[in-house]
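Dumped protein-v8.txt below, it's compact mmCIF, N, CA and C atoms:
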```
# COMPACT_ATOMS: atom_id res chain seq x y z
N MET A 703 146.90 35.82 -22.44
CA MET A 703 145.45 35.93 -22.45
C MET A 703 144.84 34.63 -22.97
N LYS A 704 143.73 34.23 -22.39
CA LYS A 704 143.07 33.00 -22.78
C LYS A 704 142.23 33.19 -24.03
N LEU A 705 141.99 32.10 -24.71
CA LEU A 705 141.20 32.11 -25.94
C LEU A 705 139.84 32.75 -25.72
N GLU A 706 139.19 32.46 -24.63
CA GLU A 706 137.85 33.00 -24.36
C GLU A 706 137.86 34.53 -24.33
N ASN A 707 138.93 35.12 -23.81
CA ASN A 707 139.03 36.58 -23.77
C ASN A 707 139.12 37.18 -25.17
N TYR A 708 139.83 36.51 -26.06
CA TYR A 708 139.92 36.98 -27.44
C TYR A 708 138.55 36.89 -28.12
N LEU A 709 137.84 35.82 -27.84
CA LEU A 709 136.53 35.65 -28.46
C LEU A 709 135.52 36.67 -27.94
N LYS A 710 135.57 36.97 -26.65
CA LYS A 710 134.62 37.92 -26.06
C LYS A 710 134.91 39.36 -26.45
N LYS A 711 136.18 39.74 -26.45
CA LYS A 711 136.57 41.13 -26.69
C LYS A 711 136.96 41.41 -28.13
N GLY A 712 136.98 40.37 -28.93
CA GLY A 712 137.47 40.50 -30.29
C GLY A 712 136.57 41.31 -31.21
N LYS A 713 137.19 41.98 -32.14
CA LYS A 713 136.48 42.74 -33.17
C LYS A 713 136.95 42.24 -34.52
N PHE A 714 136.08 42.39 -35.49
CA PHE A 714 136.46 42.02 -36.85
C PHE A 714 135.84 43.02 -37.82
N TYR A 715 136.37 43.05 -39.02
CA TYR A 715 135.78 43.86 -40.08
C TYR A 715 135.79 43.08 -41.38
N VAL A 716 134.91 43.49 -42.27
CA VAL A 716 134.76 42.82 -43.57
C VAL A 716 135.29 43.76 -44.64
N TRP A 717 136.11 43.24 -45.51
CA TRP A 717 136.62 44.01 -46.64
C TRP A 717 135.48 44.25 -47.63
N LYS A 718 135.43 45.41 -48.22
CA LYS A 718 134.34 45.74 -49.15
C LYS A 718 134.50 45.03 -50.49
N GLU A 719 135.72 44.70 -50.88
CA GLU A 719 135.97 44.09 -52.18
C GLU A 719 135.56 42.62 -52.21
N LYS A 720 135.36 42.12 -53.43
CA LYS A 720 135.17 40.69 -53.64
C LYS A 720 136.52 40.12 -54.06
N PHE A 721 136.83 38.94 -53.53
CA PHE A 721 138.12 38.32 -53.79
C PHE A 721 137.96 36.99 -54.52
N ALA A 722 139.02 36.61 -55.22
CA ALA A 722 139.10 35.31 -55.87
C ALA A 722 140.23 34.53 -55.22
N ILE A 723 140.03 33.22 -55.15
CA ILE A 723 141.09 32.32 -54.72
C ILE A 723 141.50 31.56 -55.97
N ILE A 724 142.78 31.65 -56.30
CA ILE A 724 143.28 31.16 -57.58
C ILE A 724 144.40 30.15 -57.38
N LYS A 725 144.35 29.09 -58.15
CA LYS A 725 145.49 28.19 -58.31
C LYS A 725 146.16 28.65 -59.59
N SER A 726 147.45 29.02 -59.51
CA SER A 726 148.10 29.69 -60.62
C SER A 726 149.46 29.06 -60.95
N LYS A 727 149.90 29.33 -62.16
CA LYS A 727 151.23 28.88 -62.58
C LYS A 727 152.33 29.77 -62.00
N LYS A 728 151.98 31.04 -61.71
CA LYS A 728 152.97 31.94 -61.12
C LYS A 728 152.26 33.04 -60.32
N PRO A 729 152.97 33.73 -59.41
CA PRO A 729 152.36 34.78 -58.59
C PRO A 729 151.79 35.92 -59.44
N MET A 730 150.84 36.65 -58.87
CA MET A 730 150.25 37.82 -59.53
C MET A 730 150.57 39.06 -58.70
N GLN A 731 150.75 40.17 -59.41
CA GLN A 731 150.96 41.44 -58.72
C GLN A 731 149.66 41.88 -58.06
N ASN A 732 149.78 42.68 -57.01
CA ASN A 732 148.66 43.27 -56.28
C ASN A 732 147.79 42.25 -55.55
N ALA A 733 148.33 41.08 -55.27
CA ALA A 733 147.57 40.07 -54.54
C ALA A 733 147.51 40.42 -53.06
N PHE A 734 146.44 40.01 -52.41
CA PHE A 734 146.33 40.12 -50.96
C PHE A 734 147.29 39.13 -50.31
N ALA A 735 147.36 37.92 -50.89
CA ALA A 735 148.28 36.90 -50.37
C ALA A 735 148.70 35.98 -51.49
N VAL A 736 149.94 35.54 -51.42
CA VAL A 736 150.46 34.52 -52.33
C VAL A 736 151.05 33.42 -51.44
N ILE A 737 150.56 32.22 -51.64
CA ILE A 737 151.04 31.09 -50.87
C ILE A 737 151.69 30.12 -51.86
N LYS A 738 152.97 29.93 -51.68
CA LYS A 738 153.73 29.11 -52.62
C LYS A 738 154.33 27.95 -51.86
N ASP A 739 153.91 26.74 -52.22
CA ASP A 739 154.52 25.57 -51.60
C ASP A 739 155.09 24.69 -52.70
N LYS A 740 155.53 23.50 -52.35
CA LYS A 740 156.20 22.66 -53.35
C LYS A 740 155.25 22.14 -54.42
N ASN A 741 153.94 22.20 -54.18
CA ASN A 741 152.98 21.64 -55.12
C ASN A 741 152.24 22.66 -55.97
N GLU A 742 152.05 23.88 -55.44
CA GLU A 742 151.23 24.84 -56.18
C GLU A 742 151.42 26.26 -55.66
N ILE A 743 150.86 27.19 -56.40
CA ILE A 743 150.81 28.59 -55.99
C ILE A 743 149.34 28.96 -55.84
N THR A 744 148.99 29.45 -54.66
CA THR A 744 147.63 29.90 -54.38
C THR A 744 147.67 31.41 -54.21
N ILE A 745 146.72 32.09 -54.84
CA ILE A 745 146.67 33.54 -54.80
C ILE A 745 145.29 33.97 -54.32
N ILE A 746 145.28 34.92 -53.40
CA ILE A 746 144.04 35.58 -52.99
C ILE A 746 144.16 37.00 -53.49
N ILE A 747 143.22 37.41 -54.32
CA ILE A 747 143.33 38.72 -54.98
C ILE A 747 141.95 39.34 -55.16
N ASN A 748 141.91 40.66 -55.05
CA ASN A 748 140.71 41.42 -55.37
C ASN A 748 140.34 41.08 -56.82
N GLN A 749 139.12 40.66 -57.04
CA GLN A 749 138.72 40.23 -58.38
C GLN A 749 138.93 41.30 -59.44
N SER A 750 138.79 42.56 -59.07
CA SER A 750 138.95 43.64 -60.05
C SER A 750 140.41 43.84 -60.46
N LYS A 751 141.34 43.22 -59.74
CA LYS A 751 142.76 43.37 -60.06
C LYS A 751 143.33 42.21 -60.86
N ILE A 752 142.49 41.29 -61.26
CA ILE A 752 142.95 40.19 -62.09
C ILE A 752 143.10 40.71 -63.51
N LYS A 753 144.32 40.75 -63.98
CA LYS A 753 144.60 41.28 -65.32
C LYS A 753 144.90 40.18 -66.31
N ASP A 754 145.90 39.38 -66.01
CA ASP A 754 146.36 38.37 -66.94
C ASP A 754 145.83 37.01 -66.50
N LYS A 755 144.97 36.42 -67.31
CA LYS A 755 144.32 35.17 -66.94
C LYS A 755 145.02 33.93 -67.50
N LYS A 756 146.08 34.12 -68.26
CA LYS A 756 146.72 32.98 -68.92
C LYS A 756 147.40 32.01 -67.95
N ASP A 757 147.78 32.47 -66.77
CA ASP A 757 148.45 31.61 -65.81
C ASP A 757 147.49 30.97 -64.80
N ILE A 758 146.19 31.26 -64.90
CA ILE A 758 145.21 30.70 -63.97
C ILE A 758 144.92 29.24 -64.34
N ILE A 759 145.07 28.37 -63.35
CA ILE A 759 144.75 26.96 -63.53
C ILE A 759 143.30 26.71 -63.09
N GLU A 760 142.96 27.22 -61.90
CA GLU A 760 141.60 27.14 -61.36
C GLU A 760 141.31 28.44 -60.64
N ILE A 761 140.01 28.80 -60.58
CA ILE A 761 139.63 30.03 -59.89
C ILE A 761 138.27 29.84 -59.21
N SER A 762 138.16 30.39 -58.02
CA SER A 762 136.90 30.43 -57.28
C SER A 762 136.66 31.89 -56.91
N LYS A 763 135.54 32.44 -57.36
CA LYS A 763 135.27 33.86 -57.18
C LYS A 763 134.23 34.12 -56.09
N ASP A 764 134.06 35.41 -55.80
CA ASP A 764 133.02 35.93 -54.90
C ASP A 764 133.24 35.56 -53.43
N TRP A 765 134.45 35.68 -52.97
CA TRP A 765 134.79 35.49 -51.56
C TRP A 765 134.91 36.85 -50.88
N LYS A 766 134.57 36.91 -49.61
CA LYS A 766 134.73 38.11 -48.79
C LYS A 766 135.71 37.81 -47.67
N ILE A 767 136.58 38.77 -47.39
CA ILE A 767 137.56 38.60 -46.31
C ILE A 767 137.02 39.20 -45.03
N ILE A 768 137.08 38.42 -43.98
CA ILE A 768 136.80 38.89 -42.62
C ILE A 768 138.14 38.90 -41.89
N THR A 769 138.54 40.09 -41.43
CA THR A 769 139.80 40.23 -40.70
C THR A 769 139.50 40.42 -39.22
N PHE A 770 140.14 39.64 -38.40
CA PHE A 770 139.99 39.79 -36.95
C PHE A 770 140.93 40.89 -36.52
N ASP A 771 140.34 42.00 -36.09
CA ASP A 771 141.06 43.25 -35.82
C ASP A 771 141.67 43.23 -34.42
N MET A 772 142.62 42.33 -34.24
CA MET A 772 143.31 42.20 -32.96
C MET A 772 144.62 41.48 -33.22
N GLU A 773 145.57 41.68 -32.36
CA GLU A 773 146.84 40.98 -32.48
C GLU A 773 146.81 39.73 -31.62
N PHE A 774 147.22 38.64 -32.22
CA PHE A 774 147.26 37.36 -31.52
C PHE A 774 148.71 36.97 -31.25
N PRO A 775 148.99 36.50 -30.04
CA PRO A 775 150.33 35.96 -29.81
C PRO A 775 150.46 34.64 -30.57
N LEU A 776 151.64 34.34 -31.03
CA LEU A 776 151.86 33.11 -31.79
C LEU A 776 151.55 31.86 -30.95
N GLU A 777 151.56 32.00 -29.65
CA GLU A 777 151.31 30.87 -28.75
C GLU A 777 149.83 30.63 -28.50
N LEU A 778 148.94 31.50 -28.99
CA LEU A 778 147.50 31.33 -28.76
C LEU A 778 147.03 30.06 -29.46
N VAL A 779 146.35 29.21 -28.74
CA VAL A 779 145.91 27.92 -29.26
C VAL A 779 144.39 27.93 -29.46
N GLY A 780 143.96 27.51 -30.65
CA GLY A 780 142.55 27.20 -30.86
C GLY A 780 141.67 28.27 -31.45
N PHE A 781 142.20 29.45 -31.79
CA PHE A 781 141.33 30.53 -32.29
C PHE A 781 140.66 30.13 -33.61
N ILE A 782 141.45 29.76 -34.59
CA ILE A 782 140.87 29.40 -35.89
C ILE A 782 139.99 28.16 -35.75
N SER A 783 140.38 27.24 -34.91
CA SER A 783 139.55 26.05 -34.67
C SER A 783 138.17 26.44 -34.15
N ARG A 784 138.14 27.35 -33.22
CA ARG A 784 136.85 27.79 -32.64
C ARG A 784 136.01 28.50 -33.69
N ILE A 785 136.62 29.41 -34.44
CA ILE A 785 135.90 30.14 -35.49
C ILE A 785 135.37 29.16 -36.53
N SER A 786 136.21 28.23 -36.94
CA SER A 786 135.82 27.23 -37.93
C SER A 786 134.63 26.39 -37.43
N ASN A 787 134.67 25.98 -36.19
CA ASN A 787 133.57 25.20 -35.62
C ASN A 787 132.28 25.99 -35.53
N ILE A 788 132.38 27.26 -35.13
CA ILE A 788 131.19 28.12 -35.03
C ILE A 788 130.51 28.22 -36.40
N LEU A 789 131.30 28.44 -37.43
CA LEU A 789 130.73 28.59 -38.77
C LEU A 789 130.31 27.24 -39.37
N ALA A 790 131.02 26.19 -39.03
CA ALA A 790 130.65 24.85 -39.53
C ALA A 790 129.27 24.44 -39.01
N GLU A 791 128.92 24.89 -37.81
CA GLU A 791 127.61 24.56 -37.24
C GLU A 791 126.46 25.04 -38.12
N VAL A 792 126.69 26.08 -38.92
CA VAL A 792 125.64 26.60 -39.80
C VAL A 792 125.99 26.35 -41.28
N GLY A 793 126.91 25.42 -41.52
CA GLY A 793 127.21 24.99 -42.88
C GLY A 793 128.04 25.94 -43.71
N ILE A 794 128.87 26.78 -43.06
CA ILE A 794 129.70 27.73 -43.79
C ILE A 794 131.15 27.26 -43.79
N SER A 795 131.70 27.04 -44.99
CA SER A 795 133.11 26.68 -45.09
C SER A 795 133.94 27.96 -45.10
N ILE A 796 135.18 27.84 -44.69
CA ILE A 796 136.08 28.99 -44.66
C ILE A 796 137.39 28.64 -45.35
N PHE A 797 138.08 29.69 -45.77
CA PHE A 797 139.46 29.60 -46.24
C PHE A 797 140.23 30.49 -45.28
N ALA A 798 141.10 29.93 -44.48
CA ALA A 798 141.78 30.68 -43.42
C ALA A 798 143.20 31.07 -43.85
N ILE A 799 143.58 32.29 -43.45
CA ILE A 799 144.93 32.80 -43.68
C ILE A 799 145.39 33.47 -42.39
N SER A 800 146.57 33.14 -41.97
CA SER A 800 147.13 33.80 -40.79
C SER A 800 148.35 34.60 -41.21
N SER A 801 148.43 35.82 -40.67
CA SER A 801 149.65 36.60 -40.83
C SER A 801 150.40 36.52 -39.50
N TYR A 802 151.45 37.26 -39.37
CA TYR A 802 152.24 37.18 -38.14
C TYR A 802 151.41 37.53 -36.91
N SER A 803 150.58 38.58 -37.02
CA SER A 803 149.89 39.09 -35.84
C SER A 803 148.38 38.91 -35.83
N THR A 804 147.78 38.55 -36.94
CA THR A 804 146.32 38.44 -36.96
C THR A 804 145.87 37.34 -37.90
N ASP A 805 144.58 37.07 -37.89
CA ASP A 805 144.01 36.03 -38.73
C ASP A 805 142.92 36.62 -39.62
N HIS A 806 142.75 35.98 -40.75
CA HIS A 806 141.73 36.36 -41.72
C HIS A 806 141.02 35.08 -42.14
N ILE A 807 139.74 35.19 -42.41
CA ILE A 807 139.04 34.08 -43.03
C ILE A 807 138.30 34.62 -44.25
N LEU A 808 138.15 33.77 -45.23
CA LEU A 808 137.35 34.11 -46.39
C LEU A 808 136.11 33.23 -46.37
N VAL A 809 134.96 33.84 -46.63
CA VAL A 809 133.71 33.12 -46.77
C VAL A 809 133.08 33.54 -48.09
N LYS A 810 132.32 32.66 -48.68
CA LYS A 810 131.63 33.02 -49.91
C LYS A 810 130.68 34.19 -49.62
N GLY A 811 130.59 35.12 -50.57
CA GLY A 811 129.74 36.30 -50.40
C GLY A 811 128.31 35.96 -50.03
N LYS A 812 127.77 34.87 -50.59
CA LYS A 812 126.39 34.48 -50.31
C LYS A 812 126.20 34.06 -48.84
N ASN A 813 127.30 33.73 -48.14
CA ASN A 813 127.22 33.30 -46.73
C ASN A 813 127.64 34.40 -45.76
N LEU A 814 127.96 35.59 -46.27
CA LEU A 814 128.54 36.63 -45.42
C LEU A 814 127.61 37.03 -44.27
N LYS A 815 126.35 37.33 -44.56
CA LYS A 815 125.44 37.78 -43.50
C LYS A 815 125.29 36.72 -42.41
N LYS A 816 125.13 35.47 -42.83
CA LYS A 816 124.99 34.39 -41.86
C LYS A 816 126.25 34.27 -41.02
N ALA A 817 127.43 34.40 -41.64
CA ALA A 817 128.70 34.30 -40.92
C ALA A 817 128.83 35.43 -39.89
N ILE A 818 128.51 36.65 -40.32
CA ILE A 818 128.59 37.79 -39.40
C ILE A 818 127.66 37.60 -38.21
N ASN A 819 126.44 37.17 -38.47
CA ASN A 819 125.49 36.95 -37.37
C ASN A 819 125.99 35.89 -36.40
N LYS A 820 126.59 34.86 -36.94
CA LYS A 820 127.08 33.78 -36.08
C LYS A 820 128.31 34.20 -35.28
N LEU A 821 129.17 35.01 -35.89
CA LEU A 821 130.37 35.45 -35.17
C LEU A 821 130.02 36.49 -34.13
```
Go ahead and render the structure in this file as structure tokens.
Amino acid sequence: MKLENYLKKGKFYVWKEKFAIIKSKKPMQNAFAVIKDKNEITIIINQSKIKDKKDIIEISKDWKIITFDMEFPLELVGFISRISNILAEVGISIFAISSYSTDHILVKGKNLKKAINKL
């Protein structure tokens, strides 16, 4: 399927919770995502589930997750690029996360309505 078909027929939903993006010394339990590379550990977590703050190096709060409610083949080219460009046109930055079958973006809560309207 072509990228245009995903964009036209695609559905998304917004998580009700507020999330934090954290640079941490170690992973946290109950995280939505933990990204561990050779330089740092990044955690995306529901803000209400942050218990132990001693390992937090930096934190950015009040993010909302938009999940694209469709399965993408790994060979699909340009989906996140297109979404990023659409939102960049109205000055909205994103934090993108891809799982095996779908994509998620985080936008600041204050930009959520504008992002939804644009998408």
- Which residues in stretch 758-799 of chain A does DSSP call strand (DSSP E)? List them as a PyMOL selection string. chain A and resi 758-770+797-799
- Smallest atom-to-atom distance to A:Asp757: which of A:Ile724, A:Leu808, A:Ile796, A:Val736, using only C-alpha atoms? A:Ile724
- Message: So that I can see what lies close to A:Met730, please list as a ChimeraX atom specification the residues with an atom at most 10 Å from it, counting only C-alpha atoms and leaving out residues fewer than 4 positions away in the same chain.
- Response: /A:724,726,734-736,743-747,751-755,757-758
- Query: Looking only at the backbone, which of the residues in chain A does DSSP tag as alpha helix (DSSP H), as a PyMOL selection string?
  - Reply: chain A and resi 705-711+781-790+814-820
Output file for the residues above (N, CA and C atoms, as a tab-separated table (two decimals), keeping the file's coordinate frame):
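selection20.tsv, freshly written:
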```tsv
chain	number	residue	atom	x	y	z
A	705	LEU	N	141.99	32.10	-24.71
A	705	LEU	CA	141.20	32.11	-25.94
A	705	LEU	C	139.84	32.75	-25.72
A	706	GLU	N	139.19	32.46	-24.63
A	706	GLU	CA	137.85	33.00	-24.36
A	706	GLU	C	137.86	34.53	-24.33
A	707	ASN	N	138.93	35.12	-23.81
A	707	ASN	CA	139.03	36.58	-23.77
A	707	ASN	C	139.12	37.18	-25.17
A	708	TYR	N	139.83	36.51	-26.06
A	708	TYR	CA	139.92	36.98	-27.44
A	708	TYR	C	138.55	36.89	-28.12
A	709	LEU	N	137.84	35.82	-27.84
A	709	LEU	CA	136.53	35.65	-28.46
A	709	LEU	C	135.52	36.67	-27.94
A	710	LYS	N	135.57	36.97	-26.65
A	710	LYS	CA	134.62	37.92	-26.06
A	710	LYS	C	134.91	39.36	-26.45
A	711	LYS	N	136.18	39.74	-26.45
A	711	LYS	CA	136.57	41.13	-26.69
A	711	LYS	C	136.96	41.41	-28.13
A	781	PHE	N	142.20	29.45	-31.79
A	781	PHE	CA	141.33	30.53	-32.29
A	781	PHE	C	140.66	30.13	-33.61
A	782	ILE	N	141.45	29.76	-34.59
A	782	ILE	CA	140.87	29.40	-35.89
A	782	ILE	C	139.99	28.16	-35.75
A	783	SER	N	140.38	27.24	-34.91
A	783	SER	CA	139.55	26.05	-34.67
A	783	SER	C	138.17	26.44	-34.15
A	784	ARG	N	138.14	27.35	-33.22
A	784	ARG	CA	136.85	27.79	-32.64
A	784	ARG	C	136.01	28.50	-33.69
A	785	ILE	N	136.62	29.41	-34.44
A	785	ILE	CA	135.90	30.14	-35.49
A	785	ILE	C	135.37	29.16	-36.53
A	786	SER	N	136.21	28.23	-36.94
A	786	SER	CA	135.82	27.23	-37.93
A	786	SER	C	134.63	26.39	-37.43
A	787	ASN	N	134.67	25.98	-36.19
A	787	ASN	CA	133.57	25.20	-35.62
A	787	ASN	C	132.28	25.99	-35.53
A	788	ILE	N	132.38	27.26	-35.13
A	788	ILE	CA	131.19	28.12	-35.03
A	788	ILE	C	130.51	28.22	-36.40
A	789	LEU	N	131.30	28.44	-37.43
A	789	LEU	CA	130.73	28.59	-38.77
A	789	LEU	C	130.31	27.24	-39.37
A	790	ALA	N	131.02	26.19	-39.03
A	790	ALA	CA	130.65	24.85	-39.53
A	790	ALA	C	129.27	24.44	-39.01
A	814	LEU	N	127.96	35.59	-46.27
A	814	LEU	CA	128.54	36.63	-45.42
A	814	LEU	C	127.61	37.03	-44.27
A	815	LYS	N	126.35	37.33	-44.56
A	815	LYS	CA	125.44	37.78	-43.50
A	815	LYS	C	125.29	36.72	-42.41
A	816	LYS	N	125.13	35.47	-42.83
A	816	LYS	CA	124.99	34.39	-41.86
A	816	LYS	C	126.25	34.27	-41.02
A	817	ALA	N	127.43	34.40	-41.64
A	817	ALA	CA	128.70	34.30	-40.92
A	817	ALA	C	128.83	35.43	-39.89
A	818	ILE	N	128.51	36.65	-40.32
A	818	ILE	CA	128.59	37.79	-39.40
A	818	ILE	C	127.66	37.60	-38.21
A	819	ASN	N	126.44	37.17	-38.47
A	819	ASN	CA	125.49	36.95	-37.37
A	819	ASN	C	125.99	35.89	-36.40
A	820	LYS	N	126.59	34.86	-36.94
A	820	LYS	CA	127.08	33.78	-36.08
A	820	LYS	C	128.31	34.20	-35.28
```
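Pairwise distance (atom C of A:Ser762, atom CA of A:Gly780) equals 27.1 Å.
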- Message: Between atom CA of A:Ser795 and atom N of A:Leu814, what distance in Å does the model show, to one decimal?
- Response: 10.4 Å
- Query: Suppose you want the space between atom N of A:Met772 and atom N of A:Lys740; what is it in Å?
  - Reply: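 Separation between atom N of A:Met772 and atom N of A:Lys740: 29.1 Å.
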- Item | Who sits within 8 Å of A:Tyr802, only N, CA and C atoms, same chain under 4 positions skipped, as a list in words | Glu773, Phe774, Pro775 and Leu776 of chain A
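Neighbouring residues of A:Ser750 at 9 Å or closer, counting only C-alpha atoms and skipping chain neighbours under 5 positions away, are A:Glu719, A:Lys720, A:Phe721.
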- Item | Option closest in space to A:Lys718, from A:Val809, A:Ile785, A:Ile767, A:Ala790 [counting only N, CA and C atoms] |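 Using only N, CA and C atoms, the shortest distance to A:Lys718 belongs to A:Ile767.
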- Query: A:Ile788, A:Lys763, A:Lys710, A:Asn748: which is nearest A:Gly811, counting only N, CA and C atoms?
  - Reply: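 Once distances to A:Gly811 are computed over only N, CA and C atoms, the minimum belongs to A:Lys763.
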List as a compact mmCIF listing (two decimals) with N, CA and C atoms, in the frame of the given file: which residues have an atom within 12 Å of (132.3, 25.7, -40.6), counting only C-alpha atoms?
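Resulting contents of result.txt:
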```txt
# COMPACT_ATOMS: atom_id res chain seq x y z
N ILE A 782 141.45 29.76 -34.59
CA ILE A 782 140.87 29.40 -35.89
C ILE A 782 139.99 28.16 -35.75
N SER A 783 140.38 27.24 -34.91
CA SER A 783 139.55 26.05 -34.67
C SER A 783 138.17 26.44 -34.15
N ARG A 784 138.14 27.35 -33.22
CA ARG A 784 136.85 27.79 -32.64
C ARG A 784 136.01 28.50 -33.69
N ILE A 785 136.62 29.41 -34.44
CA ILE A 785 135.90 30.14 -35.49
C ILE A 785 135.37 29.16 -36.53
N SER A 786 136.21 28.23 -36.94
CA SER A 786 135.82 27.23 -37.93
C SER A 786 134.63 26.39 -37.43
N ASN A 787 134.67 25.98 -36.19
CA ASN A 787 133.57 25.20 -35.62
C ASN A 787 132.28 25.99 -35.53
N ILE A 788 132.38 27.26 -35.13
CA ILE A 788 131.19 28.12 -35.03
C ILE A 788 130.51 28.22 -36.40
N LEU A 789 131.30 28.44 -37.43
CA LEU A 789 130.73 28.59 -38.77
C LEU A 789 130.31 27.24 -39.37
N ALA A 790 131.02 26.19 -39.03
CA ALA A 790 130.65 24.85 -39.53
C ALA A 790 129.27 24.44 -39.01
N GLU A 791 128.92 24.89 -37.81
CA GLU A 791 127.61 24.56 -37.24
C GLU A 791 126.46 25.04 -38.12
N VAL A 792 126.69 26.08 -38.92
CA VAL A 792 125.64 26.60 -39.80
C VAL A 792 125.99 26.35 -41.28
N GLY A 793 126.91 25.42 -41.52
CA GLY A 793 127.21 24.99 -42.88
C GLY A 793 128.04 25.94 -43.71
N ILE A 794 128.87 26.78 -43.06
CA ILE A 794 129.70 27.73 -43.79
C ILE A 794 131.15 27.26 -43.79
N SER A 795 131.70 27.04 -44.99
CA SER A 795 133.11 26.68 -45.09
C SER A 795 133.94 27.96 -45.10
N ILE A 796 135.18 27.84 -44.69
CA ILE A 796 136.08 28.99 -44.66
C ILE A 796 137.39 28.64 -45.35
N PHE A 797 138.08 29.69 -45.77
CA PHE A 797 139.46 29.60 -46.24
C PHE A 797 140.23 30.49 -45.28
N ALA A 798 141.10 29.93 -44.48
CA ALA A 798 141.78 30.68 -43.42
C ALA A 798 143.20 31.07 -43.85
N ILE A 807 139.74 35.19 -42.41
CA ILE A 807 139.04 34.08 -43.03
C ILE A 807 138.30 34.62 -44.25
N LEU A 808 138.15 33.77 -45.23
CA LEU A 808 137.35 34.11 -46.39
C LEU A 808 136.11 33.23 -46.37
N VAL A 809 134.96 33.84 -46.63
CA VAL A 809 133.71 33.12 -46.77
C VAL A 809 133.08 33.54 -48.09
N LYS A 810 132.32 32.66 -48.68
CA LYS A 810 131.63 33.02 -49.91
C LYS A 810 130.68 34.19 -49.62
N ASN A 813 127.30 33.73 -48.14
CA ASN A 813 127.22 33.30 -46.73
C ASN A 813 127.64 34.40 -45.76
N LYS A 816 125.13 35.47 -42.83
CA LYS A 816 124.99 34.39 -41.86
C LYS A 816 126.25 34.27 -41.02
N ALA A 817 127.43 34.40 -41.64
CA ALA A 817 128.70 34.30 -40.92
C ALA A 817 128.83 35.43 -39.89
N LYS A 820 126.59 34.86 -36.94
CA LYS A 820 127.08 33.78 -36.08
C LYS A 820 128.31 34.20 -35.28
N LEU A 821 129.17 35.01 -35.89
CA LEU A 821 130.37 35.45 -35.17
C LEU A 821 130.02 36.49 -34.13
```
- Task: Counting only N, CA and C atoms, figure out which residue out of A:Lys704, A:His806, A:Lys725, A:Lys711 gets nearest to A:Glu760.
- Result: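 Going through A:Lys704, A:His806, A:Lys725, A:Lys711 one by one, the smallest distance to A:Glu760 is for A:Lys725.
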- Selected residue, from A:Asn819, A:Lys728, A:Trp717, A:Ile799, that lies nearest to A:Ile759 when counting only C-alpha atoms: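 Result for the nearest residue to A:Ile759: A:Lys728.
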Box for stretch 759-776 of chain A - axis-aligned, 3 Å on each of the six sides, all listed atoms - centre and size in Å to one decimal, as lines of an AutoDock Vina configuration file.
```
center_x = 142.4
center_y = 35.0
center_z = -46.7
size_x = 24.8
size_y = 22.5
size_z = 39.7
```
Who sits within 5 Å of A:Thr769, all atoms listed in the file, same chain under 3 positions skipped, as a PDB file with N, CA and C atoms, keeping the file's coordinate frame:
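Writing the result to out-v9.pdb gives the following:
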```
ATOM      1  N   PHE A 714     136.080  42.390 -35.490  1.00  0.00           N
ATOM      2  CA  PHE A 714     136.460  42.020 -36.850  1.00  0.00           C
ATOM      3  C   PHE A 714     135.840  43.020 -37.820  1.00  0.00           C
ATOM      4  N   TYR A 715     136.370  43.050 -39.020  1.00  0.00           N
ATOM      5  CA  TYR A 715     135.780  43.860 -40.080  1.00  0.00           C
ATOM      6  C   TYR A 715     135.790  43.080 -41.380  1.00  0.00           C
ATOM      7  N   ASP A 805     144.580  37.070 -37.890  1.00  0.00           N
ATOM      8  CA  ASP A 805     144.010  36.030 -38.730  1.00  0.00           C
ATOM      9  C   ASP A 805     142.920  36.620 -39.620  1.00  0.00           C
ATOM     10  N   HIS A 806     142.750  35.980 -40.750  1.00  0.00           N
ATOM     11  CA  HIS A 806     141.730  36.360 -41.720  1.00  0.00           C
ATOM     12  C   HIS A 806     141.020  35.080 -42.140  1.00  0.00           C
TER      13      HIS A 806
END
```
